[in-house]
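See below for work_19.cif, which holds mmCIF, C-alpha atoms and all ligand atoms.
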data_work
loop_
_atom_site.label_atom_id
_atom_site.label_comp_id
_atom_site.auth_asym_id
_atom_site.auth_seq_id
_atom_site.Cartn_x
_atom_site.Cartn_y
_atom_site.Cartn_z
CA MET Q 177 29.09 21.56 -47.71
CA ILE Q 178 27.03 21.43 -50.89
CA ILE Q 179 26.85 18.06 -52.62
CA VAL Q 180 25.07 16.98 -55.81
CA LEU Q 181 24.24 13.32 -56.42
CA LEU Q 182 24.12 12.38 -60.09
CA GLY Q 183 23.26 9.03 -61.64
CA PRO Q 184 20.72 7.12 -63.70
CA PRO Q 185 17.27 6.20 -62.36
CA GLY Q 186 17.64 3.45 -59.77
CA SER Q 187 21.38 3.92 -59.27
CA GLY Q 188 20.77 4.31 -55.53
CA LYS Q 189 20.90 8.11 -55.22
CA GLY Q 190 18.02 8.24 -52.74
CA THR Q 191 19.41 5.37 -50.67
CA GLN Q 192 22.87 6.96 -50.46
CA ALA Q 193 21.47 10.47 -49.92
CA LYS Q 194 19.56 9.34 -46.81
CA MET Q 195 22.60 7.54 -45.37
CA LEU Q 196 24.99 10.40 -46.08
CA THR Q 197 22.84 13.26 -44.85
CA ALA Q 198 22.11 11.34 -41.63
CA LYS Q 199 25.83 10.78 -41.17
CA ILE Q 200 27.13 14.29 -41.88
CA GLY Q 201 24.12 16.28 -40.73
CA ILE Q 202 23.22 18.25 -43.84
CA THR Q 203 19.78 18.66 -45.43
CA HIS Q 204 18.59 16.16 -48.03
CA ILE Q 205 16.71 17.76 -50.92
CA SER Q 206 15.10 15.16 -53.18
CA MET Q 207 13.41 16.72 -56.20
CA GLY Q 208 11.50 13.48 -56.88
CA ASP Q 209 10.12 13.43 -53.32
CA ILE Q 210 9.15 17.12 -53.47
CA LEU Q 211 7.28 16.57 -56.74
CA ARG Q 212 5.56 13.35 -55.57
CA ASP Q 213 4.46 15.12 -52.40
CA ALA Q 214 3.02 17.99 -54.49
CA VAL Q 215 1.18 15.48 -56.68
CA ALA Q 216 -0.26 13.69 -53.62
CA LYS Q 217 -1.41 17.01 -52.13
CA LYS Q 218 -2.79 18.20 -55.49
CA THR Q 219 -1.02 21.57 -55.22
CA PRO Q 220 -0.79 23.67 -58.41
CA ILE Q 221 2.77 22.38 -58.97
CA GLY Q 222 1.56 18.83 -58.34
CA VAL Q 223 -1.26 19.17 -60.84
CA GLU Q 224 1.21 20.46 -63.45
CA ALA Q 225 3.85 17.83 -62.66
CA GLU Q 226 1.65 14.72 -62.43
CA GLY Q 227 1.57 13.85 -66.14
CA TYR Q 228 5.33 14.30 -66.52
CA LEU Q 229 6.10 11.99 -63.61
CA ALA Q 230 3.65 9.35 -64.81
CA ALA Q 231 5.22 9.38 -68.28
CA GLY Q 232 8.83 9.41 -67.02
CA LYS Q 233 9.47 12.81 -68.58
CA LEU Q 234 11.18 15.77 -66.97
CA VAL Q 235 9.03 18.42 -65.35
CA PRO Q 236 9.74 21.81 -67.03
CA ASP Q 237 12.99 23.47 -65.94
CA SER Q 238 11.17 26.64 -64.86
CA VAL Q 239 9.27 24.61 -62.23
CA THR Q 240 12.22 22.68 -60.76
CA ILE Q 241 14.51 25.72 -60.78
CA LYS Q 242 11.93 27.75 -58.85
CA ILE Q 243 11.46 24.90 -56.33
CA THR Q 244 15.22 24.60 -55.80
CA GLY Q 245 15.75 28.36 -55.55
CA ASP Q 246 13.12 28.59 -52.81
CA ARG Q 247 14.24 25.45 -50.99
CA ILE Q 248 17.94 26.25 -50.68
CA LYS Q 249 17.12 29.60 -49.08
CA GLN Q 250 15.48 27.85 -46.11
CA PRO Q 251 17.26 28.02 -42.73
CA ASP Q 252 18.00 24.27 -42.69
CA CYS Q 253 20.26 24.75 -45.74
CA VAL Q 254 22.58 27.27 -44.12
CA ASN Q 255 25.10 24.61 -43.06
CA GLY Q 256 24.92 22.71 -46.31
CA PHE Q 257 22.67 20.43 -48.31
CA LEU Q 258 22.66 17.53 -50.69
CA LEU Q 259 20.75 17.74 -53.95
CA ASP Q 260 19.34 14.39 -55.09
CA GLY Q 261 17.77 14.54 -58.57
CA PHE Q 262 18.64 18.15 -59.37
CA PRO Q 263 20.13 19.34 -61.68
CA ARG Q 264 19.11 17.04 -64.54
CA THR Q 265 19.52 19.34 -67.53
CA MET Q 266 22.19 21.79 -68.58
CA GLN Q 267 19.74 24.64 -68.03
CA GLN Q 268 19.13 23.47 -64.46
CA ALA Q 269 22.88 23.15 -63.83
CA GLU Q 270 23.52 26.68 -65.05
CA ALA Q 271 20.60 28.04 -63.03
CA LEU Q 272 21.92 26.30 -59.92
CA ALA Q 273 25.38 27.82 -60.39
CA HIS Q 274 23.72 31.21 -60.71
CA LEU Q 275 21.51 30.73 -57.63
CA LEU Q 276 24.51 29.68 -55.54
CA ALA Q 277 26.73 32.48 -56.86
CA GLU Q 278 24.10 35.00 -55.73
CA GLU Q 279 24.68 33.72 -52.19
CA LYS Q 280 28.46 33.52 -52.69
CA ARG Q 281 28.30 29.75 -52.46
CA GLY Q 282 29.16 26.92 -54.80
CA ILE Q 283 28.96 23.16 -55.22
CA ASP Q 284 31.76 21.38 -53.37
CA LYS Q 285 31.41 17.91 -54.87
CA VAL Q 286 29.33 16.09 -57.44
CA VAL Q 287 29.12 12.37 -56.74
CA TYR Q 288 28.28 10.37 -59.85
CA VAL Q 289 26.84 6.95 -58.94
CA SER Q 290 27.57 4.73 -61.92
CA VAL Q 291 25.56 1.51 -62.37
CA PRO Q 292 25.08 -0.67 -65.49
CA LEU Q 293 21.65 -0.59 -67.12
CA GLU Q 294 20.68 -4.23 -66.46
CA LEU Q 295 21.17 -3.74 -62.74
CA VAL Q 296 19.09 -0.59 -62.48
CA VAL Q 297 16.11 -2.14 -64.25
CA GLU Q 298 16.06 -4.94 -61.66
CA ARG Q 299 16.41 -2.40 -58.85
CA LEU Q 300 13.49 -0.30 -60.10
CA THR Q 301 11.09 -3.14 -60.88
CA GLY Q 302 11.75 -4.58 -57.40
CA ARG Q 303 11.53 -1.30 -55.49
CA LEU Q 304 8.85 -0.89 -52.82
CA SER Q 305 8.12 2.54 -51.32
CA CYS Q 306 6.17 3.64 -48.29
CA PRO Q 307 3.75 6.41 -49.29
CA LYS Q 308 3.49 7.53 -45.66
CA ASP Q 309 7.12 8.16 -44.65
CA GLY Q 310 9.07 7.72 -47.91
CA SER Q 311 11.08 4.67 -46.76
CA VAL Q 312 12.40 2.62 -49.66
CA TYR Q 313 12.80 -1.18 -49.84
CA HIS Q 314 13.60 -3.79 -52.45
CA VAL Q 315 11.92 -7.17 -52.76
CA LYS Q 316 15.30 -8.90 -53.04
CA TYR Q 317 18.07 -6.55 -51.83
CA ASN Q 318 16.32 -4.86 -48.91
CA PRO Q 319 13.02 -6.60 -48.13
CA PRO Q 320 10.70 -5.32 -45.37
CA LYS Q 321 10.79 -7.41 -42.17
CA ILE Q 322 7.06 -8.22 -42.12
CA GLY Q 323 5.02 -8.87 -45.27
CA ASN Q 324 4.42 -5.78 -47.34
CA LYS Q 325 4.58 -3.37 -44.40
CA CYS Q 326 6.99 -0.50 -43.78
CA ASP Q 327 9.47 -1.38 -40.99
CA VAL Q 328 9.33 2.19 -39.68
CA CYS Q 329 5.64 3.13 -39.69
CA GLY Q 330 3.77 -0.06 -40.65
CA GLY Q 331 2.34 1.58 -43.79
CA GLU Q 332 1.37 -0.56 -46.80
CA LEU Q 333 4.23 -0.58 -49.34
CA VAL Q 334 3.57 0.19 -53.00
CA SER Q 335 5.44 0.19 -56.32
CA ARG Q 336 5.97 3.67 -57.73
CA LYS Q 337 3.80 4.32 -60.80
CA ASP Q 338 6.90 5.25 -62.80
CA ASP Q 339 8.57 1.93 -61.96
CA GLN Q 340 6.55 0.13 -64.67
CA LYS Q 341 8.78 -1.26 -67.45
CA GLU Q 342 7.55 1.08 -70.24
CA VAL Q 343 8.01 4.19 -68.08
CA ILE Q 344 11.45 3.02 -66.90
CA SER Q 345 12.52 2.88 -70.52
CA ASN Q 346 11.40 6.52 -71.06
CA ARG Q 347 13.26 7.60 -67.94
CA PHE Q 348 16.46 6.06 -69.29
CA THR Q 349 16.06 7.76 -72.64
CA VAL Q 350 15.59 11.09 -70.87
CA TYR Q 351 18.62 10.42 -68.65
CA GLU Q 352 20.87 9.58 -71.61
CA LYS Q 353 19.85 12.66 -73.60
CA GLN Q 354 19.42 15.32 -70.96
CA THR Q 355 21.24 14.37 -67.78
CA LYS Q 356 24.32 12.42 -68.87
CA PRO Q 357 25.96 15.52 -70.43
CA LEU Q 358 26.23 16.92 -66.89
CA ILE Q 359 28.91 14.35 -66.14
CA ASP Q 360 31.34 16.07 -68.54
CA TYR Q 361 30.13 19.50 -67.44
CA TYR Q 362 31.08 18.86 -63.81
CA ARG Q 363 34.20 16.86 -64.71
CA ALA Q 364 35.49 19.90 -66.61
CA GLN Q 365 35.04 21.92 -63.41
CA GLY Q 366 37.07 19.36 -61.41
CA LYS Q 367 34.06 18.63 -59.18
CA LEU Q 368 33.08 15.15 -60.36
CA PHE Q 369 33.78 12.03 -58.31
CA LYS Q 370 32.65 8.72 -59.78
CA VAL Q 371 31.69 5.79 -57.56
CA ASP Q 372 30.85 2.24 -58.55
CA GLY Q 373 27.20 1.93 -57.48
CA SER Q 374 26.88 -1.73 -58.44
CA ARG Q 375 28.12 -2.93 -55.04
CA SER Q 376 26.13 -3.26 -51.82
CA PRO Q 377 24.62 -0.04 -50.37
CA GLU Q 378 27.07 -0.22 -47.44
CA MET Q 379 30.12 -0.54 -49.70
CA VAL Q 380 28.98 2.34 -51.91
CA PHE Q 381 28.35 4.41 -48.80
CA GLU Q 382 31.85 3.75 -47.44
CA GLU Q 383 33.35 5.14 -50.64
CA ILE Q 384 31.09 8.19 -50.75
CA LYS Q 385 31.81 8.92 -47.10
CA LYS Q 386 35.54 8.98 -47.80
CA LEU Q 387 35.04 11.22 -50.83
CA VAL Q 388 33.11 13.88 -48.97
CA SER Q 389 35.09 13.82 -45.74
P1 LIG Q 401 13.33 10.68 -58.94
O1 LIG Q 401 12.47 10.26 -57.82
O2 LIG Q 401 14.49 11.54 -58.67
O3 LIG Q 401 13.74 9.39 -59.74
P2 LIG Q 401 15.12 8.87 -60.38
O4 LIG Q 401 16.20 9.85 -60.59
O5 LIG Q 401 14.65 8.17 -61.57
O6 LIG Q 401 15.72 8.05 -59.28
P3 LIG Q 401 15.01 6.97 -58.47
O7 LIG Q 401 14.31 7.58 -57.29
O8 LIG Q 401 14.17 6.10 -59.36
O9 LIG Q 401 16.23 6.04 -58.03
P4 LIG Q 401 17.43 6.31 -57.05
O10 LIG Q 401 18.68 6.51 -57.82
O11 LIG Q 401 17.08 7.32 -56.02
O12 LIG Q 401 17.51 4.85 -56.41
P5 LIG Q 401 16.98 4.30 -54.99
O13 LIG Q 401 17.95 4.68 -53.93
O14 LIG Q 401 15.55 4.59 -54.78
O15 LIG Q 401 12.45 11.46 -60.04
C1 LIG Q 401 11.19 10.95 -60.45
C2 LIG Q 401 10.59 11.86 -61.51
O16 LIG Q 401 10.44 13.20 -61.01
C3 LIG Q 401 11.41 12.05 -62.80
O17 LIG Q 401 11.21 10.99 -63.70
C4 LIG Q 401 10.83 13.38 -63.31
O18 LIG Q 401 9.57 13.20 -63.89
C5 LIG Q 401 10.68 14.17 -62.02
N1 LIG Q 401 11.90 14.92 -61.67
C6 LIG Q 401 12.71 14.69 -60.62
N2 LIG Q 401 13.74 15.56 -60.61
C7 LIG Q 401 13.56 16.37 -61.70
C8 LIG Q 401 14.31 17.45 -62.25
N3 LIG Q 401 15.46 17.89 -61.70
N4 LIG Q 401 13.84 18.03 -63.38
C9 LIG Q 401 12.70 17.62 -63.95
N5 LIG Q 401 11.95 16.59 -63.50
C10 LIG Q 401 12.39 15.96 -62.36
O19 LIG Q 401 17.18 2.73 -55.26
C11 LIG Q 401 16.36 2.03 -56.18
C12 LIG Q 401 16.09 0.61 -55.64
O20 LIG Q 401 17.32 -0.11 -55.58
C13 LIG Q 401 15.50 0.58 -54.23
O21 LIG Q 401 14.60 -0.49 -54.15
C14 LIG Q 401 16.72 0.34 -53.32
O22 LIG Q 401 16.36 -0.36 -52.15
C15 LIG Q 401 17.62 -0.49 -54.22
N6 LIG Q 401 19.04 -0.22 -54.04
C16 LIG Q 401 19.63 0.98 -53.83
N7 LIG Q 401 20.97 0.85 -53.76
C17 LIG Q 401 21.24 -0.47 -53.93
C18 LIG Q 401 22.44 -1.25 -53.98
N8 LIG Q 401 23.65 -0.67 -53.83
N9 LIG Q 401 22.34 -2.59 -54.19
C19 LIG Q 401 21.12 -3.17 -54.35
N10 LIG Q 401 19.94 -2.50 -54.32
C20 LIG Q 401 20.00 -1.16 -54.12
#
With the file now loaded, output its structure as structure tokens.
Ligand code: AP5
Amino acid sequence: MIIVLLGPPGSGKGTQAKMLTAKIGITHISMGDILRDAVAKKTPIGVEAEGYLAAGKLVPDSVTIKITGDRIKQPDCVNGFLLDGFPRTMQQAEALAHLLAEEKRGIDKVVYVSVPLELVVERLTGRLSCPKDGSVYHVKYNPPKIGNKCDVCGGELVSRKDDQKEVISNRFTVYEKQTKPLIDYYRAQGKLFKVDGSRSPEMVFEEIKKLVS
């Protein structure tokens, strides 16, 4: 099964992607995580991407399309995968359709996680991430058990650089202009399933699970 998760910054895509891929046993491909990892390792892609991430702008399509094309050809994608954060532009969506058609595959479902703006700002400003293992927490909705430490590996939790208020605002502008049109694009193909992401992670997950089963 091939699933795409679509939604504004902070809608809970990453949270749901982890729960769903663990449940149904397909590979989770997070474009944000791939890019942040490249930045941390100072690879050529990371060096190119760093300024875009810091400013809340989209990394050029050519870069993310190449990353996705390479990633979905890996053996762990044979039985299916979930794309979290890709595509985000019409050009990326068309490139993805082309890449999948080459392998005689196609997207099965696009899950659009819809959340009102005021809620996502609170989610992003309160998010805590573990730089070591990628675990995600929230100061209010999902606090770590002990202090500012990751429950899984004990690493020191940090706020993502792009979770500062000014950068969040840029990310929303980019989402409205470049990513939101994909909702109609996939709806027209009969692949879009909208879920109300304003409820608890467990309730959202229950609905997504039913949709993809
Ligand atoms: P990316 O990392 O993909 O960021 P995003 O899309 O802005 O999404 P987020 O990771 O901020 O939020 P999320 O929806 O995953 O929410 P989460 O589950 O963490 O991309 C970062 C950057 O990389 C982009 O700005 C761009 O520069 C670049 N990039 C990435 N993809 C690209 C592409 N295709 N093309 C070009 N550039 C690209 O939840 C957020 C918080 O809320 C957490 O604290 C969580 O604990 C909490 N939470 C989650 N669900 C709930 C709930 N139901 N109730 C209460 N709290 C909740």
| field | Which residue of Q:Leu196, Q:Leu258, Q:Leu276, Q:Val296 approaches ligand LIG 401 (chain Q) most closely, using only C-alpha atoms and all ligand atoms | value |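 For ligand LIG 401 (chain Q), the nearest of the given residues is Q:Val296.
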Where does range 197-266 of chain Q meet range 353-368 of chain Q within 9 Å, residue by residue, with the nearest atom pair and distance in Å to one decimal for each, counting only C-alpha atoms, listed by chain and rising number, as CSV?
residue,atom,partner,partner_atom,distance
Q:Pro263,CA,Q:Thr355,CA,7.9
Q:Arg264,CA,Q:Thr355,CA,4.7
Q:Thr265,CA,Q:Thr355,CA,5.3
Q:Met266,CA,Q:Leu358,CA,6.5
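In this model, the gap between CA of Ile210 in chain Q and CA of Asp246 in chain Q comes to 12.2 Å.
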Could you give me, as JSON lines, every chain Q residue with an atom at most 7 Å from ligand LIG 401 (chain Q), plus its closest atom pair and distance in Å to one decimal, counting all atoms listed in the file, rows ordered by chain then number?
{"residue": "Q:Gly183", "atom": "CA", "partner": "Q:LIG401", "partner_atom": "O10", "distance": 6.5}
{"residue": "Q:Pro184", "atom": "CA", "partner": "Q:LIG401", "partner_atom": "O4", "distance": 6.1}
{"residue": "Q:Pro185", "atom": "CA", "partner": "Q:LIG401", "partner_atom": "O5", "distance": 3.4}
{"residue": "Q:Gly186", "atom": "CA", "partner": "Q:LIG401", "partner_atom": "O9", "distance": 3.4}
{"residue": "Q:Ser187", "atom": "CA", "partner": "Q:LIG401", "partner_atom": "O10", "distance": 4.0}
{"residue": "Q:Gly188", "atom": "CA", "partner": "Q:LIG401", "partner_atom": "O13", "distance": 3.3}
{"residue": "Q:Lys189", "atom": "CA", "partner": "Q:LIG401", "partner_atom": "O10", "distance": 3.8}
{"residue": "Q:Gly190", "atom": "CA", "partner": "Q:LIG401", "partner_atom": "O11", "distance": 3.5}
{"residue": "Q:Thr191", "atom": "CA", "partner": "Q:LIG401", "partner_atom": "O13", "distance": 3.6}
{"residue": "Q:Gln192", "atom": "CA", "partner": "Q:LIG401", "partner_atom": "O13", "distance": 6.4}
{"residue": "Q:Ser206", "atom": "CA", "partner": "Q:LIG401", "partner_atom": "O2", "distance": 6.6}
{"residue": "Q:Met207", "atom": "CA", "partner": "Q:LIG401", "partner_atom": "N2", "distance": 4.6}
{"residue": "Q:Gly208", "atom": "CA", "partner": "Q:LIG401", "partner_atom": "O1", "distance": 3.5}
{"residue": "Q:Asp209", "atom": "CA", "partner": "Q:LIG401", "partner_atom": "O1", "distance": 6.0}
{"residue": "Q:Leu211", "atom": "CA", "partner": "Q:LIG401", "partner_atom": "O16", "distance": 6.3}
{"residue": "Q:Tyr228", "atom": "CA", "partner": "Q:LIG401", "partner_atom": "O18", "distance": 5.1}
{"residue": "Q:Leu229", "atom": "CA", "partner": "Q:LIG401", "partner_atom": "O18", "distance": 3.7}
{"residue": "Q:Gly232", "atom": "CA", "partner": "Q:LIG401", "partner_atom": "O17", "distance": 4.4}
{"residue": "Q:Lys233", "atom": "CA", "partner": "Q:LIG401", "partner_atom": "O18", "distance": 4.7}
{"residue": "Q:Leu234", "atom": "CA", "partner": "Q:LIG401", "partner_atom": "N5", "distance": 3.6}
{"residue": "Q:Val235", "atom": "CA", "partner": "Q:LIG401", "partner_atom": "N5", "distance": 3.9}
{"residue": "Q:Pro236", "atom": "CA", "partner": "Q:LIG401", "partner_atom": "C9", "distance": 6.0}
{"residue": "Q:Asp237", "atom": "CA", "partner": "Q:LIG401", "partner_atom": "N4", "distance": 6.1}
{"residue": "Q:Thr240", "atom": "CA", "partner": "Q:LIG401", "partner_atom": "N4", "distance": 5.6}
{"residue": "Q:Asp260", "atom": "CA", "partner": "Q:LIG401", "partner_atom": "O2", "distance": 6.7}
{"residue": "Q:Gly261", "atom": "CA", "partner": "Q:LIG401", "partner_atom": "O2", "distance": 4.4}
{"residue": "Q:Phe262", "atom": "CA", "partner": "Q:LIG401", "partner_atom": "N3", "distance": 4.0}
{"residue": "Q:Pro263", "atom": "CA", "partner": "Q:LIG401", "partner_atom": "N3", "distance": 4.9}
{"residue": "Q:Arg264", "atom": "CA", "partner": "Q:LIG401", "partner_atom": "N3", "distance": 4.7}
{"residue": "Q:Arg299", "atom": "CA", "partner": "Q:LIG401", "partner_atom": "O20", "distance": 4.1}
{"residue": "Q:Leu300", "atom": "CA", "partner": "Q:LIG401", "partner_atom": "C12", "distance": 5.2}
{"residue": "Q:Gly302", "atom": "CA", "partner": "Q:LIG401", "partner_atom": "O21", "distance": 6.0}
{"residue": "Q:Arg303", "atom": "CA", "partner": "Q:LIG401", "partner_atom": "O21", "distance": 3.4}
{"residue": "Q:Leu304", "atom": "CA", "partner": "Q:LIG401", "partner_atom": "O21", "distance": 5.9}
{"residue": "Q:Val312", "atom": "CA", "partner": "Q:LIG401", "partner_atom": "O22", "distance": 5.5}
{"residue": "Q:Tyr313", "atom": "CA", "partner": "Q:LIG401", "partner_atom": "O22", "distance": 4.3}
{"residue": "Q:His314", "atom": "CA", "partner": "Q:LIG401", "partner_atom": "O21", "distance": 3.8}
{"residue": "Q:Tyr317", "atom": "CA", "partner": "Q:LIG401", "partner_atom": "N10", "distance": 5.1}
{"residue": "Q:Asn318", "atom": "CA", "partner": "Q:LIG401", "partner_atom": "O22", "distance": 5.5}
{"residue": "Q:Arg347", "atom": "CA", "partner": "Q:LIG401", "partner_atom": "O17", "distance": 5.8}
{"residue": "Q:Gly373", "atom": "CA", "partner": "Q:LIG401", "partner_atom": "N8", "distance": 5.7}
{"residue": "Q:Ser374", "atom": "CA", "partner": "Q:LIG401", "partner_atom": "N8", "distance": 5.7}
{"residue": "Q:Arg375", "atom": "CA", "partner": "Q:LIG401", "partner_atom": "N8", "distance": 5.2}
{"residue": "Q:Ser376", "atom": "CA", "partner": "Q:LIG401", "partner_atom": "N8", "distance": 4.1}
{"residue": "Q:Pro377", "atom": "CA", "partner": "Q:LIG401", "partner_atom": "N8", "distance": 3.6}
{"residue": "Q:Val380", "atom": "CA", "partner": "Q:LIG401", "partner_atom": "N8", "distance": 6.4}
Store the residues picked out above in a file with C-alpha atoms, as a tab-separated table (two decimals), in the coordinates of the input.
chain	number	residue	atom	x	y	z
Q	183	GLY	CA	23.26	9.03	-61.64
Q	184	PRO	CA	20.72	7.12	-63.70
Q	185	PRO	CA	17.27	6.20	-62.36
Q	186	GLY	CA	17.64	3.45	-59.77
Q	187	SER	CA	21.38	3.92	-59.27
Q	188	GLY	CA	20.77	4.31	-55.53
Q	189	LYS	CA	20.90	8.11	-55.22
Q	190	GLY	CA	18.02	8.24	-52.74
Q	191	THR	CA	19.41	5.37	-50.67
Q	192	GLN	CA	22.87	6.96	-50.46
Q	206	SER	CA	15.10	15.16	-53.18
Q	207	MET	CA	13.41	16.72	-56.20
Q	208	GLY	CA	11.50	13.48	-56.88
Q	209	ASP	CA	10.12	13.43	-53.32
Q	211	LEU	CA	7.28	16.57	-56.74
Q	228	TYR	CA	5.33	14.30	-66.52
Q	229	LEU	CA	6.10	11.99	-63.61
Q	232	GLY	CA	8.83	9.41	-67.02
Q	233	LYS	CA	9.47	12.81	-68.58
Q	234	LEU	CA	11.18	15.77	-66.97
Q	235	VAL	CA	9.03	18.42	-65.35
Q	236	PRO	CA	9.74	21.81	-67.03
Q	237	ASP	CA	12.99	23.47	-65.94
Q	240	THR	CA	12.22	22.68	-60.76
Q	260	ASP	CA	19.34	14.39	-55.09
Q	261	GLY	CA	17.77	14.54	-58.57
Q	262	PHE	CA	18.64	18.15	-59.37
Q	263	PRO	CA	20.13	19.34	-61.68
Q	264	ARG	CA	19.11	17.04	-64.54
Q	299	ARG	CA	16.41	-2.40	-58.85
Q	300	LEU	CA	13.49	-0.30	-60.10
Q	302	GLY	CA	11.75	-4.58	-57.40
Q	303	ARG	CA	11.53	-1.30	-55.49
Q	304	LEU	CA	8.85	-0.89	-52.82
Q	312	VAL	CA	12.40	2.62	-49.66
Q	313	TYR	CA	12.80	-1.18	-49.84
Q	314	HIS	CA	13.60	-3.79	-52.45
Q	317	TYR	CA	18.07	-6.55	-51.83
Q	318	ASN	CA	16.32	-4.86	-48.91
Q	347	ARG	CA	13.26	7.60	-67.94
Q	373	GLY	CA	27.20	1.93	-57.48
Q	374	SER	CA	26.88	-1.73	-58.44
Q	375	ARG	CA	28.12	-2.93	-55.04
Q	376	SER	CA	26.13	-3.26	-51.82
Q	377	PRO	CA	24.62	-0.04	-50.37
Q	380	VAL	CA	28.98	2.34	-51.91
| task | Using all atoms listed in the file, determine which residues lie at most 8 Å from Phe257 in chain Q, disregarding the query and same-chain residues fewer than 2 positions distant; provide the list as an MDAnalysis selection string. | result | chainID Q and resid 177:179 197 202:205 248 253 255 259
| query | For the atom pair CA of Gly227 in chain Q and CA of Ser345 in chain Q, what is the interatomic distance in Å to one decimal place? | reply |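 Going from CA of Gly227 in chain Q over to CA of Ser345 in chain Q, I get 16.1 Å.
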